[in-house]
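**Student:** Contents of coords-v6.tsv (TSV, N, CA and C atoms):
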```tsv
chain	number	residue	atom	x	y	z
A	1	MET	N	-0.56	-15.66	17.58
A	1	MET	CA	-1.37	-15.21	16.46
A	1	MET	C	-2.33	-14.10	16.87
A	2	GLY	N	-2.90	-14.23	18.06
A	2	GLY	CA	-3.83	-13.22	18.53
A	2	GLY	C	-3.17	-11.87	18.70
A	3	PHE	N	-1.89	-11.87	19.13
A	3	PHE	CA	-1.17	-10.61	19.30
A	3	PHE	C	-0.97	-9.92	17.96
A	4	ILE	N	-0.60	-10.68	16.94
A	4	ILE	CA	-0.38	-10.09	15.61
A	4	ILE	C	-1.69	-9.55	15.05
A	5	ASP	N	-2.78	-10.29	15.26
A	5	ASP	CA	-4.10	-9.84	14.82
A	5	ASP	C	-4.46	-8.51	15.48
A	6	ARG	N	-4.28	-8.43	16.79
A	6	ARG	CA	-4.59	-7.18	17.52
A	6	ARG	C	-3.66	-6.04	17.08
A	7	LEU	N	-2.40	-6.36	16.88
A	7	LEU	CA	-1.43	-5.34	16.46
A	7	LEU	C	-1.80	-4.76	15.09
A	8	CYS	N	-2.11	-5.62	14.14
A	8	CYS	CA	-2.49	-5.15	12.80
A	8	CYS	C	-3.76	-4.31	12.84
A	9	ALA	N	-4.76	-4.77	13.60
A	9	ALA	CA	-6.01	-4.01	13.71
A	9	ALA	C	-5.77	-2.67	14.40
A	10	GLY	N	-4.93	-2.65	15.41
A	10	GLY	CA	-4.61	-1.40	16.10
A	10	GLY	C	-3.85	-0.42	15.22
A	11	VAL	N	-2.91	-0.94	14.45
A	11	VAL	CA	-2.15	-0.08	13.54
A	11	VAL	C	-3.07	0.49	12.47
A	12	LEU	N	-3.98	-0.33	11.94
A	12	LEU	CA	-4.96	0.17	10.97
A	12	LEU	C	-5.82	1.27	11.57
A	13	PHE	N	-6.25	1.06	12.80
A	13	PHE	CA	-7.08	2.06	13.49
A	13	PHE	C	-6.31	3.38	13.65
A	14	ALA	N	-5.06	3.29	14.10
A	14	ALA	CA	-4.25	4.50	14.29
A	14	ALA	C	-3.97	5.19	12.95
A	15	LEU	N	-3.64	4.43	11.92
A	15	LEU	CA	-3.39	5.03	10.60
A	15	LEU	C	-4.64	5.69	10.04
A	16	ALA	N	-5.80	5.10	10.30
A	16	ALA	CA	-7.05	5.69	9.81
A	16	ALA	C	-7.32	7.03	10.49
A	17	ILE	N	-7.09	7.10	11.79
A	17	ILE	CA	-7.28	8.37	12.50
A	17	ILE	C	-6.30	9.42	12.01
A	18	ILE	N	-5.05	9.02	11.83
A	18	ILE	CA	-4.03	9.96	11.32
A	18	ILE	C	-4.41	10.43	9.92
A	19	ASP	N	-4.89	9.51	9.09
A	19	ASP	CA	-5.30	9.87	7.73
A	19	ASP	C	-6.43	10.90	7.76
A	20	CYS	N	-7.39	10.71	8.64
A	20	CYS	CA	-8.50	11.67	8.74
A	20	CYS	C	-8.02	13.03	9.25
A	21	LEU	N	-7.06	13.04	10.14
A	21	LEU	CA	-6.57	14.30	10.69
A	21	LEU	C	-5.67	15.07	9.72
A	22	LEU	N	-5.06	14.37	8.78
A	22	LEU	CA	-4.12	15.02	7.86
A	22	LEU	C	-4.72	15.38	6.51
A	23	VAL	N	-6.04	15.43	6.42
A	23	VAL	CA	-6.68	15.84	5.17
A	23	VAL	C	-6.37	17.31	4.93
A	24	PRO	N	-5.85	17.66	3.74
A	24	PRO	CA	-5.53	19.07	3.47
A	24	PRO	C	-6.78	19.94	3.49
A	25	ARG	N	-6.73	21.00	4.25
A	25	ARG	CA	-7.90	21.88	4.43
A	25	ARG	C	-8.23	22.70	3.18
A	26	THR	N	-7.23	22.98	2.36
A	26	THR	CA	-7.45	23.85	1.21
A	26	THR	C	-7.75	23.09	-0.07
A	27	TYR	N	-7.61	21.79	-0.07
A	27	TYR	CA	-7.86	20.97	-1.27
A	27	TYR	C	-9.36	20.87	-1.51
A	28	THR	N	-9.79	21.12	-2.75
A	28	THR	CA	-11.24	21.17	-3.03
A	28	THR	C	-11.90	19.79	-2.95
A	29	GLY	N	-11.14	18.72	-3.19
A	29	GLY	CA	-11.71	17.38	-3.12
A	29	GLY	C	-11.46	16.70	-1.79
A	30	ARG	N	-11.35	17.49	-0.73
A	30	ARG	CA	-10.97	16.93	0.57
A	30	ARG	C	-12.02	15.98	1.13
A	31	ILE	N	-13.27	16.10	0.74
A	31	ILE	CA	-14.30	15.22	1.27
A	31	ILE	C	-14.06	13.78	0.83
A	32	TRP	N	-13.49	13.57	-0.36
A	32	TRP	CA	-13.21	12.22	-0.85
A	32	TRP	C	-12.05	11.60	-0.08
A	33	ILE	N	-11.05	12.39	0.24
A	33	ILE	CA	-9.92	11.90	1.03
A	33	ILE	C	-10.41	11.55	2.44
A	34	PHE	N	-11.24	12.41	3.00
A	34	PHE	CA	-11.79	12.15	4.33
A	34	PHE	C	-12.67	10.90	4.33
A	35	GLY	N	-13.44	10.71	3.26
A	35	GLY	CA	-14.30	9.53	3.14
A	35	GLY	C	-13.49	8.24	3.10
A	36	THR	N	-12.34	8.29	2.44
A	36	THR	CA	-11.46	7.12	2.41
A	36	THR	C	-10.92	6.83	3.80
A	37	GLY	N	-10.56	7.89	4.52
A	37	GLY	CA	-10.09	7.71	5.90
A	37	GLY	C	-11.16	7.11	6.79
A	38	LEU	N	-12.41	7.54	6.59
A	38	LEU	CA	-13.51	6.97	7.37
A	38	LEU	C	-13.74	5.50	7.04
A	39	ALA	N	-13.61	5.15	5.75
A	39	ALA	CA	-13.75	3.74	5.36
A	39	ALA	C	-12.66	2.90	6.03
A	40	LEU	N	-11.44	3.42	6.08
A	40	LEU	CA	-10.35	2.73	6.78
A	40	LEU	C	-10.69	2.58	8.26
A	41	LEU	N	-11.20	3.64	8.86
A	41	LEU	CA	-11.54	3.64	10.28
A	41	LEU	C	-12.64	2.62	10.60
A	42	PHE	N	-13.70	2.61	9.80
A	42	PHE	CA	-14.81	1.69	10.05
A	42	PHE	C	-14.38	0.24	9.88
A	43	THR	N	-13.52	-0.03	8.89
A	43	THR	CA	-13.03	-1.39	8.69
A	43	THR	C	-12.14	-1.81	9.86
A	44	ALA	N	-11.31	-0.90	10.33
A	44	ALA	CA	-10.46	-1.20	11.49
A	44	ALA	C	-11.32	-1.47	12.72
A	45	MET	N	-12.40	-0.70	12.90
A	45	MET	CA	-13.28	-0.92	14.04
A	45	MET	C	-13.99	-2.28	13.94
A	46	LEU	N	-14.38	-2.68	12.72
A	46	LEU	CA	-14.98	-4.00	12.54
A	46	LEU	C	-14.00	-5.10	12.93
A	47	ASN	N	-12.74	-4.93	12.53
A	47	ASN	CA	-11.73	-5.93	12.89
A	47	ASN	C	-11.52	-6.00	14.39
A	48	LEU	N	-11.52	-4.86	15.05
A	48	LEU	CA	-11.37	-4.86	16.51
A	48	LEU	C	-12.57	-5.53	17.18
A	49	LEU	N	-13.77	-5.31	16.64
A	49	LEU	CA	-14.95	-6.00	17.16
A	49	LEU	C	-14.85	-7.51	16.95
A	50	ARG	N	-14.36	-7.93	15.79
A	50	ARG	CA	-14.20	-9.36	15.51
A	50	ARG	C	-13.24	-10.00	16.51
A	51	ILE	N	-12.14	-9.31	16.79
A	51	ILE	CA	-11.15	-9.84	17.72
A	51	ILE	C	-11.74	-9.94	19.12
A	52	ARG	N	-12.47	-8.93	19.51
A	52	ARG	CA	-13.01	-8.89	20.87
A	52	ARG	C	-14.16	-9.88	21.07
A	53	ASN	N	-14.97	-10.09	20.03
A	53	ASN	CA	-16.18	-10.92	20.16
A	53	ASN	C	-16.12	-12.14	19.25
A	54	HIS	N	-14.98	-12.80	19.17
A	54	HIS	CA	-14.84	-13.90	18.21
A	54	HIS	C	-15.87	-15.00	18.47
A	55	GLY	N	-16.69	-15.22	17.43
A	55	GLY	CA	-17.67	-16.28	17.49
A	55	GLY	C	-18.97	-15.95	18.20
A	56	VAL	N	-19.04	-14.85	18.93
A	56	VAL	CA	-20.23	-14.54	19.71
A	56	VAL	C	-21.28	-13.83	18.86
A	57	VAL	N	-20.87	-12.86	18.09
A	57	VAL	CA	-21.80	-12.06	17.28
A	57	VAL	C	-21.96	-12.72	15.92
A	58	LYS	N	-23.18	-13.15	15.63
A	58	LYS	CA	-23.43	-13.82	14.35
A	58	LYS	C	-23.29	-12.83	13.19
A	59	GLY	N	-22.60	-13.27	12.17
A	59	GLY	CA	-22.44	-12.46	10.96
A	59	GLY	C	-21.28	-11.49	11.00
A	60	LEU	N	-20.69	-11.29	12.15
A	60	LEU	CA	-19.58	-10.33	12.26
A	60	LEU	C	-18.37	-10.77	11.45
A	61	ARG	N	-18.08	-12.06	11.50
A	61	ARG	CA	-16.94	-12.58	10.75
A	61	ARG	C	-17.13	-12.37	9.25
A	62	LEU	N	-18.34	-12.62	8.75
A	62	LEU	CA	-18.63	-12.43	7.33
A	62	LEU	C	-18.51	-10.95	6.94
A	63	PHE	N	-18.99	-10.06	7.80
A	63	PHE	CA	-18.85	-8.63	7.53
A	63	PHE	C	-17.38	-8.22	7.49
A	64	CYS	N	-16.58	-8.78	8.38
A	64	CYS	CA	-15.15	-8.46	8.40
A	64	CYS	C	-14.45	-8.96	7.14
A	65	ILE	N	-14.79	-10.18	6.73
A	65	ILE	CA	-14.20	-10.72	5.50
A	65	ILE	C	-14.55	-9.82	4.32
A	66	THR	N	-15.81	-9.44	4.23
A	66	THR	CA	-16.26	-8.59	3.12
A	66	THR	C	-15.58	-7.23	3.15
A	67	ALA	N	-15.54	-6.58	4.30
A	67	ALA	CA	-14.92	-5.26	4.42
A	67	ALA	C	-13.43	-5.32	4.14
A	68	ASN	N	-12.76	-6.34	4.69
A	68	ASN	CA	-11.32	-6.46	4.46
A	68	ASN	C	-11.00	-6.72	3.00
A	69	LEU	N	-11.77	-7.59	2.36
A	69	LEU	CA	-11.55	-7.84	0.93
A	69	LEU	C	-11.80	-6.60	0.09
A	70	ALA	N	-12.86	-5.88	0.41
A	70	ALA	CA	-13.17	-4.65	-0.34
A	70	ALA	C	-12.05	-3.63	-0.20
A	71	MET	N	-11.54	-3.45	1.01
A	71	MET	CA	-10.46	-2.48	1.22
A	71	MET	C	-9.14	-2.97	0.61
A	72	LEU	N	-8.92	-4.28	0.60
A	72	LEU	CA	-7.73	-4.82	-0.04
A	72	LEU	C	-7.78	-4.59	-1.55
A	73	VAL	N	-8.93	-4.83	-2.15
A	73	VAL	CA	-9.09	-4.57	-3.58
A	73	VAL	C	-8.91	-3.08	-3.86
A	74	PHE	N	-9.44	-2.23	-2.99
A	74	PHE	CA	-9.27	-0.78	-3.15
A	74	PHE	C	-7.79	-0.40	-3.10
A	75	ALA	N	-7.05	-0.97	-2.15
A	75	ALA	CA	-5.62	-0.66	-2.03
A	75	ALA	C	-4.85	-1.13	-3.26
A	76	ILE	N	-5.19	-2.32	-3.76
A	76	ILE	CA	-4.52	-2.84	-4.96
A	76	ILE	C	-4.85	-1.97	-6.16
A	77	ALA	N	-6.12	-1.57	-6.30
A	77	ALA	CA	-6.51	-0.70	-7.41
A	77	ALA	C	-5.82	0.65	-7.32
A	78	LEU	N	-5.67	1.17	-6.12
A	78	LEU	CA	-4.98	2.44	-5.94
A	78	LEU	C	-3.52	2.32	-6.35
A	79	MET	N	-2.86	1.25	-5.91
A	79	MET	CA	-1.45	1.07	-6.28
A	79	MET	C	-1.30	0.89	-7.79
A	80	ALA	N	-2.22	0.18	-8.41
A	80	ALA	CA	-2.16	-0.01	-9.87
A	80	ALA	C	-2.41	1.30	-10.61
A	81	SER	N	-3.29	2.13	-10.09
A	81	SER	CA	-3.63	3.36	-10.79
A	81	SER	C	-2.58	4.45	-10.66
A	82	ILE	N	-1.86	4.48	-9.53
A	82	ILE	CA	-0.86	5.54	-9.37
A	82	ILE	C	0.52	5.12	-9.84
A	83	GLY	N	0.72	3.84	-10.10
A	83	GLY	CA	2.00	3.37	-10.63
A	83	GLY	C	2.99	3.04	-9.53
A	84	ILE	N	4.04	2.33	-9.94
A	84	ILE	CA	5.02	1.83	-8.97
A	84	ILE	C	5.84	2.95	-8.33
A	85	SER	N	6.19	3.97	-9.11
A	85	SER	CA	7.04	5.02	-8.54
A	85	SER	C	6.30	5.84	-7.48
A	86	ARG	N	5.04	6.18	-7.74
A	86	ARG	CA	4.28	6.94	-6.75
A	86	ARG	C	3.87	6.06	-5.57
A	87	THR	N	3.68	4.76	-5.82
A	87	THR	CA	3.37	3.84	-4.72
A	87	THR	C	4.56	3.76	-3.77
A	88	LEU	N	5.76	3.63	-4.33
A	88	LEU	CA	6.95	3.55	-3.48
A	88	LEU	C	7.26	4.88	-2.80
A	89	ALA	N	6.83	5.99	-3.40
A	89	ALA	CA	7.03	7.30	-2.79
A	89	ALA	C	6.05	7.54	-1.63
A	90	ASN	N	5.00	6.75	-1.58
A	90	ASN	CA	3.99	6.84	-0.51
A	90	ASN	C	3.90	5.49	0.18
A	91	PRO	N	4.81	5.20	1.10
A	91	PRO	CA	4.87	3.85	1.70
A	91	PRO	C	3.64	3.47	2.53
A	92	GLN	N	2.82	4.44	2.88
A	92	GLN	CA	1.61	4.11	3.65
A	92	GLN	C	0.63	3.31	2.80
A	93	VAL	N	0.67	3.48	1.49
A	93	VAL	CA	-0.27	2.78	0.62
A	93	VAL	C	0.00	1.27	0.62
A	94	PRO	N	1.23	0.80	0.33
A	94	PRO	CA	1.45	-0.65	0.43
A	94	PRO	C	1.34	-1.19	1.86
A	95	LEU	N	1.63	-0.35	2.85
A	95	LEU	CA	1.48	-0.79	4.24
A	95	LEU	C	0.02	-1.07	4.55
A	96	ILE	N	-0.87	-0.18	4.13
A	96	ILE	CA	-2.31	-0.40	4.34
A	96	ILE	C	-2.76	-1.66	3.61
A	97	GLY	N	-2.28	-1.84	2.37
A	97	GLY	CA	-2.62	-3.05	1.62
A	97	GLY	C	-2.16	-4.31	2.33
A	98	LEU	N	-0.95	-4.29	2.85
A	98	LEU	CA	-0.42	-5.44	3.57
A	98	LEU	C	-1.23	-5.72	4.84
A	99	LEU	N	-1.56	-4.67	5.57
A	99	LEU	CA	-2.35	-4.85	6.80
A	99	LEU	C	-3.73	-5.41	6.50
A	100	PHE	N	-4.35	-4.95	5.40
A	100	PHE	CA	-5.67	-5.50	5.04
A	100	PHE	C	-5.56	-6.95	4.57
A	101	ALA	N	-4.46	-7.29	3.90
A	101	ALA	CA	-4.25	-8.69	3.51
A	101	ALA	C	-4.13	-9.57	4.75
A	102	ILE	N	-3.37	-9.11	5.73
A	102	ILE	CA	-3.21	-9.87	6.97
A	102	ILE	C	-4.55	-9.99	7.71
A	103	GLN	N	-5.29	-8.89	7.79
A	103	GLN	CA	-6.59	-8.93	8.47
A	103	GLN	C	-7.58	-9.82	7.74
A	104	THR	N	-7.50	-9.87	6.40
A	104	THR	CA	-8.37	-10.77	5.64
A	104	THR	C	-8.06	-12.21	5.99
A	105	ILE	N	-6.78	-12.55	6.08
A	105	ILE	CA	-6.39	-13.91	6.44
A	105	ILE	C	-6.89	-14.26	7.85
A	106	PHE	N	-6.69	-13.34	8.79
A	106	PHE	CA	-7.17	-13.59	10.15
A	106	PHE	C	-8.68	-13.71	10.20
A	107	SER	N	-9.39	-12.97	9.35
A	107	SER	CA	-10.86	-13.07	9.33
A	107	SER	C	-11.31	-14.40	8.76
A	108	LEU	N	-10.55	-14.94	7.83
A	108	LEU	CA	-10.92	-16.21	7.20
A	108	LEU	C	-10.64	-17.40	8.10
A	109	VAL	N	-9.64	-17.29	8.96
A	109	VAL	CA	-9.25	-18.40	9.83
A	109	VAL	C	-10.19	-18.41	11.04
A	110	LYS	N	-10.77	-19.56	11.30
A	110	LYS	CA	-11.64	-19.70	12.48
A	110	LYS	C	-10.77	-20.00	13.69
A	111	ARG	N	-11.00	-19.23	14.76
A	111	ARG	CA	-10.28	-19.48	16.02
A	111	ARG	C	-11.06	-20.48	16.86
A	112	ALA	N	-10.33	-21.25	17.62
A	112	ALA	CA	-10.99	-22.24	18.49
A	112	ALA	C	-11.55	-21.61	19.74
```
Just dump the structure as structure tokens.
**Tutor:**
Amino acid sequence: MGFIDRLCAGVLFALAIIDCLLVPRTYTGRIWIFGTGLALLFTAMLNLLRIRNHGVVKGLRLFCITANLAMLVFAIALMASIGISRTLANPQVPLIGLLFAIQTIFSLVKRA
């Protein structure tokens, strides 16, 4: 279970960095796309901190649950707003949603 938790958090971290690097330079609303990438990055970093410091840092688990749920709701809202055809044309969107769902479950489960 710990390996899958680390793998999902690492993939989220890598996808967030790639998302930030691939922001179109000529698009006028690029700051909003970059801001979304930063939100992904910060949530991935919180998950990595949770994995590394499980149970030691007070409140970290609650922050991870909150951040993961917020990003999961964001991913679901994004998929609902762009429709099924555009969601399937952009497979990174459901992948991010799935990874946040998995990270939310891992954040909710207490490790011994």
**Student:** With distances taken over only C-alpha atoms, which of A:Leu99, A:Phe34, A:Thr104, A:Ser85 is nearest to Cys64 in chain A?
**Tutor:** A:Thr104
**Student:** Would you mind reading off the distance between CA of Leu108 in chain A and CA of Leu7 in chain A, one decimal, in Å?
**Tutor:** 17.1 Å
**Student:** Would you be able to write out as JSON, numbers by chain which residues have an atom within 12 Å of (-12.8, -5.5, 15.6) in the file's coordinates, counting only C-alpha atoms?
**Tutor:** {"A": [5, 6, 7, 8, 9, 10, 12, 13, 41, 42, 43, 44, 45, 46, 47, 48, 49, 50, 51, 52, 53, 54, 55, 57, 60, 61, 63, 64, 65, 67, 68, 103, 106, 107]}
**Student:** Work out how far apart CA of Phe100 in chain A and CA of Thr36 in chain A are and give it in Å to one decimal.
**Tutor:**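 Those two atoms sit 14.1 Å apart.
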**Student:** Where does DSSP see alpha helix (DSSP H) in range 49-107 of chain A, if you list the residues as number ranges by chain?
**Tutor:** A: 49-52, 60-89, 92-107
**Student:** Please produce an output containing N, CA and C atoms for each residue in the selection, written as a compact mmCIF listing (two decimals), keeping the file's coordinate frame.
**Tutor:**
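again-v9.txt, written as the output of this step:
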```txt
# COMPACT_ATOMS: atom_id res chain seq x y z
N LEU A 49 -13.77 -5.31 16.64
CA LEU A 49 -14.95 -6.00 17.16
C LEU A 49 -14.85 -7.51 16.95
N ARG A 50 -14.36 -7.93 15.79
CA ARG A 50 -14.20 -9.36 15.51
C ARG A 50 -13.24 -10.00 16.51
N ILE A 51 -12.14 -9.31 16.79
CA ILE A 51 -11.15 -9.84 17.72
C ILE A 51 -11.74 -9.94 19.12
N ARG A 52 -12.47 -8.93 19.51
CA ARG A 52 -13.01 -8.89 20.87
C ARG A 52 -14.16 -9.88 21.07
N LEU A 60 -20.69 -11.29 12.15
CA LEU A 60 -19.58 -10.33 12.26
C LEU A 60 -18.37 -10.77 11.45
N ARG A 61 -18.08 -12.06 11.50
CA ARG A 61 -16.94 -12.58 10.75
C ARG A 61 -17.13 -12.37 9.25
N LEU A 62 -18.34 -12.62 8.75
CA LEU A 62 -18.63 -12.43 7.33
C LEU A 62 -18.51 -10.95 6.94
N PHE A 63 -18.99 -10.06 7.80
CA PHE A 63 -18.85 -8.63 7.53
C PHE A 63 -17.38 -8.22 7.49
N CYS A 64 -16.58 -8.78 8.38
CA CYS A 64 -15.15 -8.46 8.40
C CYS A 64 -14.45 -8.96 7.14
N ILE A 65 -14.79 -10.18 6.73
CA ILE A 65 -14.20 -10.72 5.50
C ILE A 65 -14.55 -9.82 4.32
N THR A 66 -15.81 -9.44 4.23
CA THR A 66 -16.26 -8.59 3.12
C THR A 66 -15.58 -7.23 3.15
N ALA A 67 -15.54 -6.58 4.30
CA ALA A 67 -14.92 -5.26 4.42
C ALA A 67 -13.43 -5.32 4.14
N ASN A 68 -12.76 -6.34 4.69
CA ASN A 68 -11.32 -6.46 4.46
C ASN A 68 -11.00 -6.72 3.00
N LEU A 69 -11.77 -7.59 2.36
CA LEU A 69 -11.55 -7.84 0.93
C LEU A 69 -11.80 -6.60 0.09
N ALA A 70 -12.86 -5.88 0.41
CA ALA A 70 -13.17 -4.65 -0.34
C ALA A 70 -12.05 -3.63 -0.20
N MET A 71 -11.54 -3.45 1.01
CA MET A 71 -10.46 -2.48 1.22
C MET A 71 -9.14 -2.97 0.61
N LEU A 72 -8.92 -4.28 0.60
CA LEU A 72 -7.73 -4.82 -0.04
C LEU A 72 -7.78 -4.59 -1.55
N VAL A 73 -8.93 -4.83 -2.15
CA VAL A 73 -9.09 -4.57 -3.58
C VAL A 73 -8.91 -3.08 -3.86
N PHE A 74 -9.44 -2.23 -2.99
CA PHE A 74 -9.27 -0.78 -3.15
C PHE A 74 -7.79 -0.40 -3.10
N ALA A 75 -7.05 -0.97 -2.15
CA ALA A 75 -5.62 -0.66 -2.03
C ALA A 75 -4.85 -1.13 -3.26
N ILE A 76 -5.19 -2.32 -3.76
CA ILE A 76 -4.52 -2.84 -4.96
C ILE A 76 -4.85 -1.97 -6.16
N ALA A 77 -6.12 -1.57 -6.30
CA ALA A 77 -6.51 -0.70 -7.41
C ALA A 77 -5.82 0.65 -7.32
N LEU A 78 -5.67 1.17 -6.12
CA LEU A 78 -4.98 2.44 -5.94
C LEU A 78 -3.52 2.32 -6.35
N MET A 79 -2.86 1.25 -5.91
CA MET A 79 -1.45 1.07 -6.28
C MET A 79 -1.30 0.89 -7.79
N ALA A 80 -2.22 0.18 -8.41
CA ALA A 80 -2.16 -0.01 -9.87
C ALA A 80 -2.41 1.30 -10.61
N SER A 81 -3.29 2.13 -10.09
CA SER A 81 -3.63 3.36 -10.79
C SER A 81 -2.58 4.45 -10.66
N ILE A 82 -1.86 4.48 -9.53
CA ILE A 82 -0.86 5.54 -9.37
C ILE A 82 0.52 5.12 -9.84
N GLY A 83 0.72 3.84 -10.10
CA GLY A 83 2.00 3.37 -10.63
C GLY A 83 2.99 3.04 -9.53
N ILE A 84 4.04 2.33 -9.94
CA ILE A 84 5.02 1.83 -8.97
C ILE A 84 5.84 2.95 -8.33
N SER A 85 6.19 3.97 -9.11
CA SER A 85 7.04 5.02 -8.54
C SER A 85 6.30 5.84 -7.48
N ARG A 86 5.04 6.18 -7.74
CA ARG A 86 4.28 6.94 -6.75
C ARG A 86 3.87 6.06 -5.57
N THR A 87 3.68 4.76 -5.82
CA THR A 87 3.37 3.84 -4.72
C THR A 87 4.56 3.76 -3.77
N LEU A 88 5.76 3.63 -4.33
CA LEU A 88 6.95 3.55 -3.48
C LEU A 88 7.26 4.88 -2.80
N ALA A 89 6.83 5.99 -3.40
CA ALA A 89 7.03 7.30 -2.79
C ALA A 89 6.05 7.54 -1.63
N GLN A 92 2.82 4.44 2.88
CA GLN A 92 1.61 4.11 3.65
C GLN A 92 0.63 3.31 2.80
N VAL A 93 0.67 3.48 1.49
CA VAL A 93 -0.27 2.78 0.62
C VAL A 93 0.00 1.27 0.62
N PRO A 94 1.23 0.80 0.33
CA PRO A 94 1.45 -0.65 0.43
C PRO A 94 1.34 -1.19 1.86
N LEU A 95 1.63 -0.35 2.85
CA LEU A 95 1.48 -0.79 4.24
C LEU A 95 0.02 -1.07 4.55
N ILE A 96 -0.87 -0.18 4.13
CA ILE A 96 -2.31 -0.40 4.34
C ILE A 96 -2.76 -1.66 3.61
N GLY A 97 -2.28 -1.84 2.37
CA GLY A 97 -2.62 -3.05 1.62
C GLY A 97 -2.16 -4.31 2.33
N LEU A 98 -0.95 -4.29 2.85
CA LEU A 98 -0.42 -5.44 3.57
C LEU A 98 -1.23 -5.72 4.84
N LEU A 99 -1.56 -4.67 5.57
CA LEU A 99 -2.35 -4.85 6.80
C LEU A 99 -3.73 -5.41 6.50
N PHE A 100 -4.35 -4.95 5.40
CA PHE A 100 -5.67 -5.50 5.04
C PHE A 100 -5.56 -6.95 4.57
N ALA A 101 -4.46 -7.29 3.90
CA ALA A 101 -4.25 -8.69 3.51
C ALA A 101 -4.13 -9.57 4.75
N ILE A 102 -3.37 -9.11 5.73
CA ILE A 102 -3.21 -9.87 6.97
C ILE A 102 -4.55 -9.99 7.71
N GLN A 103 -5.29 -8.89 7.79
CA GLN A 103 -6.59 -8.93 8.47
C GLN A 103 -7.58 -9.82 7.74
N THR A 104 -7.50 -9.87 6.40
CA THR A 104 -8.37 -10.77 5.64
C THR A 104 -8.06 -12.21 5.99
N ILE A 105 -6.78 -12.55 6.08
CA ILE A 105 -6.39 -13.91 6.44
C ILE A 105 -6.89 -14.26 7.85
N PHE A 106 -6.69 -13.34 8.79
CA PHE A 106 -7.17 -13.59 10.15
C PHE A 106 -8.68 -13.71 10.20
N SER A 107 -9.39 -12.97 9.35
CA SER A 107 -10.86 -13.07 9.33
C SER A 107 -11.31 -14.40 8.76
```
**Student:** To one decimal in Å, tell me the separation between atom C of Asp19 in chain A and CA of Gly37 in chain A.
**Tutor:**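 CA of Gly37 in chain A lies 5.2 Å from atom C of Asp19 in chain A.
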**Student:** From the options A:Ala70, A:Leu38, A:Val56, A:Ile76, which residue's atoms come nearest to Ile17 in chain A, counting all atoms listed in the file?
**Tutor:** A:Leu38
**Student:** So that all listed atoms of range 27-46 of chain A fit with 6 Å spare on each side, what axis-aligned box centre and edge lengths in Å, to one decimal, would you give as AutoDock Vina command-line options?
**Tutor:**
```
--center_x -11.3 --center_y 8.3 --center_z 5.4 --size_x 19.4 --size_y 38.9 --size_z 29.2
```
**Student:** Some atoms are missing, so please complete range 92-102 of chain A with N, CA, C and O atoms and return it as a short mmCIF file (atom, residue, chain, number, x, y, z; two decimals), in the coordinates of the input.
**Tutor:**
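Listing of selection-v9.cif after writing:
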```cif
data_model
loop_
_atom_site.label_atom_id
_atom_site.label_comp_id
_atom_site.auth_asym_id
_atom_site.auth_seq_id
_atom_site.Cartn_x
_atom_site.Cartn_y
_atom_site.Cartn_z
N GLN A 92 2.82 4.44 2.88
CA GLN A 92 1.61 4.11 3.65
C GLN A 92 0.63 3.31 2.80
O GLN A 92 -0.16 2.53 3.34
N VAL A 93 0.67 3.48 1.49
CA VAL A 93 -0.27 2.78 0.62
C VAL A 93 0.00 1.27 0.62
O VAL A 93 -0.92 0.48 0.90
N PRO A 94 1.23 0.80 0.33
CA PRO A 94 1.45 -0.65 0.43
C PRO A 94 1.34 -1.19 1.86
O PRO A 94 0.94 -2.34 2.06
N LEU A 95 1.63 -0.35 2.85
CA LEU A 95 1.48 -0.79 4.24
C LEU A 95 0.02 -1.07 4.55
O LEU A 95 -0.32 -2.11 5.15
N ILE A 96 -0.87 -0.18 4.13
CA ILE A 96 -2.31 -0.40 4.34
C ILE A 96 -2.76 -1.66 3.61
O ILE A 96 -3.53 -2.46 4.15
N GLY A 97 -2.28 -1.84 2.37
CA GLY A 97 -2.62 -3.05 1.62
C GLY A 97 -2.16 -4.31 2.33
O GLY A 97 -2.91 -5.29 2.41
N LEU A 98 -0.95 -4.29 2.85
CA LEU A 98 -0.42 -5.44 3.57
C LEU A 98 -1.23 -5.72 4.84
O LEU A 98 -1.57 -6.87 5.13
N LEU A 99 -1.56 -4.67 5.57
CA LEU A 99 -2.35 -4.85 6.80
C LEU A 99 -3.73 -5.41 6.50
O LEU A 99 -4.24 -6.26 7.23
N PHE A 100 -4.35 -4.95 5.40
CA PHE A 100 -5.67 -5.50 5.04
C PHE A 100 -5.56 -6.95 4.57
O PHE A 100 -6.46 -7.75 4.81
N ALA A 101 -4.46 -7.29 3.90
CA ALA A 101 -4.25 -8.69 3.51
C ALA A 101 -4.13 -9.57 4.75
O ALA A 101 -4.74 -10.65 4.82
N ILE A 102 -3.37 -9.11 5.73
CA ILE A 102 -3.21 -9.87 6.97
C ILE A 102 -4.55 -9.99 7.71
O ILE A 102 -4.91 -11.06 8.20
#
```
